[in-house]
Amino acid sequence: ELGNLMQLTTLFLWNNTLSGTIPSELGKLTLMMNLDLSSNQLVGTIPKELGDLMQLGTLYLWNNTLTGTMPTEFGKLTQLTDLQTNNNQLNGTIPSELGHLIKLTTLFLGNNTLTGTIPSELGKLAEIANLRLPINQLYGTIPTELGNLMQLSTLYLWNNSLSGNIPSELGKLTQMMDLELNNNQLNGTLPRDLGNLMQLATLYLHNNTLTGEIPSEIGKLTQLTKLDLSFNQLNGIAPSELNLLPNLQFIIVSGNNKLSGNLTFLCENGNHSVYTNDTIANASCLCCNIDYFEIIW
C-alpha cells in the first residue's frame, strides 16, 4: 500500500526488523527523494522499478540480505548523490551505467559477492568523494580512469582479487586521505606519484606481490599516520626520508624478506630521537611518556 502514497518524498524505515522483499510498487513514488531501508532483514532482489525514482537523492539498502544483481536501471537516477548497498549478498558485476550518476559523492558496494572488473566508467563520477568496493570478488586491473576523480578522498578496494600495477594516475588525486588497496594480487613497483598525495593519512598496500624499492617520495607525505607495506616482495633499503614524517603512528614492513635498513623517528615533542632497528617491534619515548609509534619488521 505504500506504493499509493504518490506525494511521498522521504521514507525512512532503517534499523528495524523488517523482512520479506522490497515492494516493486515503491517505484511508482516518483517524488521520492530519500529512501532508507538499511539495517533490516530484507531479502530477495532489488526491484528494477527503483530506477524510475528520478528525483531520488539518497538510496540506502545496506545491511540486509539482498541477493541478485544490481539493477542497470540505477543508471537513470541522475539526481543520486549517495548510493549504499554494502553488507548484502549481491552478486554479478558492477553496472557500467553507474557512470551516468554524475552527482554521486558516495558509492558503497562493499561486503557483497560482486564479480567482474571495476568499470572504467566510474572514472566519470567527477563529484565522488568516497568510493568503497572492499570484500568482493572483483578482479582485473584498477582502472586508470579513477585518476580523474579529483574530489576523491577515500578509496577502498581491499579484499578483492585485483591484479596488475597500481596506476600512477592515482597520484593526481590530491584530496585523497585514505587509500586502501591491501589483500589483492597487485604487482609491479610502488608509483613515485603517490608522493603527491599530500593529504594522505592512511596508506595500506599490504598482502600483495609488490616489488622494487619503497620510493623516497613517500617521505613527502607529512600527513601520513598509518603505513602498512607488509607481506609484499619489496627490496632495497628503506628510504631515510621516512624518518621525519611528523605524524606517523605506525609503519609495518614485515614480510618483505629483501627489505633492510634502520629508521629513526622524532618523538611527539620533537626533541628526542628514537632509534629502531630490525630487532625492535615497539618503540616508546620516555620524554613523552607514551607509545608514540610502532615499527614492525
# chains A, B, ... in the order shown; residues from 1 in each chain; ligands from 1
call {"tool": "closest_atom_pairs", "arguments": {"of": "range 124-166 of chain A", "to": "range 209-223 of chain A", "cutoff": "12 Å", "atoms": "only C-alpha atoms", "output": "JSON lines"}}
result
{"residue": "A:Ser161", "atom": "CA", "partner": "A:Thr209", "partner_atom": "CA", "distance": 11.9}
{"residue": "A:Leu162", "atom": "CA", "partner": "A:Thr209", "partner_atom": "CA", "distance": 11.1}
{"residue": "A:Ser163", "atom": "CA", "partner": "A:Thr209", "partner_atom": "CA", "distance": 9.2}
{"residue": "A:Gly164", "atom": "CA", "partner": "A:Leu210", "partner_atom": "CA", "distance": 9.6}
{"residue": "A:Asn165", "atom": "CA", "partner": "A:Leu210", "partner_atom": "CA", "distance": 8.4}
{"residue": "A:Ile166", "atom": "CA", "partner": "A:Leu210", "partner_atom": "CA", "distance": 9.1}
call {"tool": "residues_around", "arguments": {"residues": "range 38-52 of chain A", "least_positions_apart": "3", "cutoff": "10 Å", "atoms": "only C-alpha atoms", "output": "PyMOL selection string"}}
result
chain A and resi 12-30+32+35+55-56+59-78+84-90
call {"tool": "write_last_selection", "arguments": {"atoms": "N, CA and C atoms", "output": "short mmCIF file (atom, residue, chain, number, x, y, z; two decimals), in the first residue's frame"}}
result
data_model
loop_
_atom_site.label_atom_id
_atom_site.label_comp_id
_atom_site.auth_asym_id
_atom_site.auth_seq_id
_atom_site.Cartn_x
_atom_site.Cartn_y
_atom_site.Cartn_z
N PHE A 12 11.93 6.62 5.59
CA PHE A 12 12.98 6.09 6.44
C PHE A 12 12.41 4.91 7.24
N LEU A 13 12.87 3.72 6.98
CA LEU A 13 12.46 2.53 7.71
C LEU A 13 13.68 1.78 8.25
N TRP A 14 14.80 2.45 8.37
CA TRP A 14 16.05 1.81 8.74
C TRP A 14 16.04 1.33 10.20
N ASN A 15 16.89 0.31 10.43
CA ASN A 15 17.16 -0.20 11.77
C ASN A 15 15.90 -0.73 12.45
N ASN A 16 15.16 -1.54 11.71
CA ASN A 16 14.04 -2.27 12.27
C ASN A 16 14.32 -3.76 12.07
N THR A 17 13.29 -4.57 12.12
CA THR A 17 13.45 -6.00 11.81
C THR A 17 12.51 -6.37 10.67
N LEU A 18 12.42 -5.48 9.70
CA LEU A 18 11.57 -5.73 8.55
C LEU A 18 12.12 -6.90 7.74
N SER A 19 11.23 -7.73 7.24
CA SER A 19 11.63 -8.90 6.45
C SER A 19 10.87 -8.89 5.14
N GLY A 20 11.10 -9.92 4.35
CA GLY A 20 10.44 -10.01 3.06
C GLY A 20 11.19 -9.21 2.01
N THR A 21 10.53 -8.98 0.91
CA THR A 21 11.17 -8.32 -0.23
C THR A 21 10.81 -6.84 -0.27
N ILE A 22 11.59 -6.10 -1.03
CA ILE A 22 11.29 -4.68 -1.27
C ILE A 22 10.18 -4.61 -2.32
N PRO A 23 9.06 -3.98 -2.01
CA PRO A 23 7.95 -3.95 -2.97
C PRO A 23 8.32 -3.18 -4.25
N SER A 24 8.06 -3.77 -5.37
CA SER A 24 8.32 -3.08 -6.63
C SER A 24 7.44 -1.85 -6.77
N GLU A 25 6.31 -1.81 -6.03
CA GLU A 25 5.40 -0.68 -6.10
C GLU A 25 6.03 0.62 -5.63
N LEU A 26 7.12 0.54 -4.86
CA LEU A 26 7.80 1.77 -4.45
C LEU A 26 8.32 2.54 -5.66
N GLY A 27 8.49 1.86 -6.76
CA GLY A 27 8.95 2.51 -7.98
C GLY A 27 7.94 3.48 -8.57
N LYS A 28 6.71 3.48 -8.05
CA LYS A 28 5.69 4.41 -8.53
C LYS A 28 5.76 5.77 -7.82
N LEU A 29 6.57 5.86 -6.77
CA LEU A 29 6.64 7.08 -5.94
C LEU A 29 7.64 8.05 -6.56
N THR A 30 7.22 8.67 -7.64
CA THR A 30 8.15 9.42 -8.49
C THR A 30 8.65 10.71 -7.86
N MET A 32 9.85 10.68 -4.74
CA MET A 32 10.75 10.22 -3.68
C MET A 32 12.15 10.80 -3.85
N LEU A 35 15.31 7.49 0.32
CA LEU A 35 14.78 6.15 0.63
C LEU A 35 15.83 5.39 1.43
N GLN A 55 13.81 11.51 -8.98
CA GLN A 55 14.17 12.59 -8.05
C GLN A 55 15.03 12.09 -6.89
N LEU A 56 15.32 10.80 -6.87
CA LEU A 56 15.99 10.20 -5.72
C LEU A 56 17.40 10.75 -5.54
N LEU A 59 19.90 6.69 -1.53
CA LEU A 59 19.33 5.34 -1.53
C LEU A 59 20.21 4.46 -0.65
N TYR A 60 19.67 4.07 0.50
CA TYR A 60 20.38 3.26 1.46
C TYR A 60 19.69 1.90 1.59
N LEU A 61 20.38 0.87 1.15
CA LEU A 61 19.86 -0.50 1.26
C LEU A 61 20.83 -1.40 2.03
N TRP A 62 21.83 -0.82 2.65
CA TRP A 62 22.89 -1.60 3.27
C TRP A 62 22.39 -2.38 4.50
N ASN A 63 23.16 -3.43 4.81
CA ASN A 63 22.92 -4.25 5.99
C ASN A 63 21.57 -4.95 5.94
N ASN A 64 21.34 -5.64 4.83
CA ASN A 64 20.22 -6.54 4.70
C ASN A 64 20.77 -7.87 4.18
N THR A 65 19.92 -8.71 3.62
CA THR A 65 20.40 -9.95 2.98
C THR A 65 19.89 -10.00 1.55
N LEU A 66 20.00 -8.88 0.88
CA LEU A 66 19.55 -8.79 -0.51
C LEU A 66 20.45 -9.61 -1.42
N THR A 67 19.86 -10.22 -2.44
CA THR A 67 20.59 -11.07 -3.37
C THR A 67 20.36 -10.58 -4.79
N GLY A 68 20.94 -11.30 -5.73
CA GLY A 68 20.78 -10.93 -7.12
C GLY A 68 21.73 -9.82 -7.53
N THR A 69 21.50 -9.26 -8.68
CA THR A 69 22.40 -8.26 -9.26
C THR A 69 21.90 -6.85 -8.97
N MET A 70 22.81 -5.91 -9.13
CA MET A 70 22.41 -4.51 -9.05
C MET A 70 21.72 -4.12 -10.35
N PRO A 71 20.54 -3.51 -10.26
CA PRO A 71 19.81 -3.17 -11.49
C PRO A 71 20.57 -2.15 -12.34
N THR A 72 20.66 -2.42 -13.62
CA THR A 72 21.27 -1.43 -14.52
C THR A 72 20.43 -0.17 -14.57
N GLU A 73 19.16 -0.28 -14.20
CA GLU A 73 18.26 0.88 -14.19
C GLU A 73 18.71 1.95 -13.21
N PHE A 74 19.57 1.60 -12.26
CA PHE A 74 20.10 2.63 -11.35
C PHE A 74 20.82 3.73 -12.12
N GLY A 75 21.28 3.40 -13.30
CA GLY A 75 21.98 4.41 -14.12
C GLY A 75 21.09 5.56 -14.54
N LYS A 76 19.77 5.44 -14.35
CA LYS A 76 18.84 6.52 -14.68
C LYS A 76 18.66 7.51 -13.53
N LEU A 77 19.19 7.20 -12.37
CA LEU A 77 18.97 8.03 -11.17
C LEU A 77 19.99 9.17 -11.13
N THR A 78 19.84 10.09 -12.04
CA THR A 78 20.87 11.12 -12.25
C THR A 78 20.91 12.17 -11.15
N GLN A 84 24.27 3.38 -1.28
CA GLN A 84 24.92 2.43 -0.38
C GLN A 84 24.14 1.12 -0.38
N THR A 85 24.75 0.09 -0.95
CA THR A 85 24.17 -1.25 -0.94
C THR A 85 25.13 -2.25 -0.30
N ASN A 86 26.05 -1.77 0.50
CA ASN A 86 27.05 -2.63 1.11
C ASN A 86 26.41 -3.55 2.16
N ASN A 87 27.16 -4.61 2.49
CA ASN A 87 26.74 -5.58 3.51
C ASN A 87 25.44 -6.28 3.14
N ASN A 88 25.43 -6.83 1.94
CA ASN A 88 24.34 -7.67 1.48
C ASN A 88 24.95 -8.93 0.87
N GLN A 89 24.22 -9.58 -0.01
CA GLN A 89 24.72 -10.76 -0.70
C GLN A 89 24.55 -10.60 -2.21
N LEU A 90 24.77 -9.38 -2.67
CA LEU A 90 24.60 -9.08 -4.09
C LEU A 90 25.69 -9.77 -4.90
#
call {"tool": "residues_around", "arguments": {"residues": "Ile128 in chain A", "least_positions_apart": "3", "cutoff": "8 Å", "atoms": "only C-alpha atoms", "output": "PyMOL selection string"}}
result
chain A and resi 103-107+125+131+149+151-152
call {"tool": "atom_distance", "arguments": {"atom1": "CA of Tyr204 in chain A", "atom2": "CA of Asn184 in chain A"}}
result
11.2 Å
call {"tool": "atom_distance", "arguments": {"atom1": "CA of Asp82 in chain A", "atom2": "CA of Gly57 in chain A"}}
result
6.6 Å
call {"tool": "select_by_dssp", "arguments": {"residues": "range 101-289 of chain A", "states": "helix (DSSP H, G or I)", "output": "number ranges by chain"}}
result
A: 120-124, 144-148, 168-172, 192-196, 216-220, 240-244
call {"tool": "atom_distance", "arguments": {"atom1": "CA of Gly110 in chain A", "atom2": "CA of Leu37 in chain A"}}
result
16.9 Å
call {"tool": "residues_around", "arguments": {"residues": "Ala201 in chain A", "least_positions_apart": "2", "cutoff": "6 Å", "atoms": "only C-alpha atoms", "output": "list in words"}}
result
Met177, Asp178, Gln223, Leu224 and Thr225 of chain A
call {"tool": "select_by_dssp", "arguments": {"residues": "range 142-274 of chain A", "states": "strand (DSSP E or B)", "output": "VMD selection string"}}
result
chain A and resid 154 to 156 161 to 164 178 to 180 185 to 189 202 to 204 209 to 212 226 to 228 233 to 237 250 to 252 258 to 260 263 to 266 273 to 274
call {"tool": "closest_residue", "arguments": {"among": "A:Leu170, A:Leu242, A:Ile142, A:Leu80", "to": "Trp158 in chain A", "atoms": "only C-alpha atoms"}}
result
A:Ile142
call {"tool": "closest_residue", "arguments": {"among": "A:Gly171, A:Leu244, A:Leu181, A:Tyr156", "to": "Asn196 in chain A", "atoms": "only C-alpha atoms"}}
result
A:Gly171
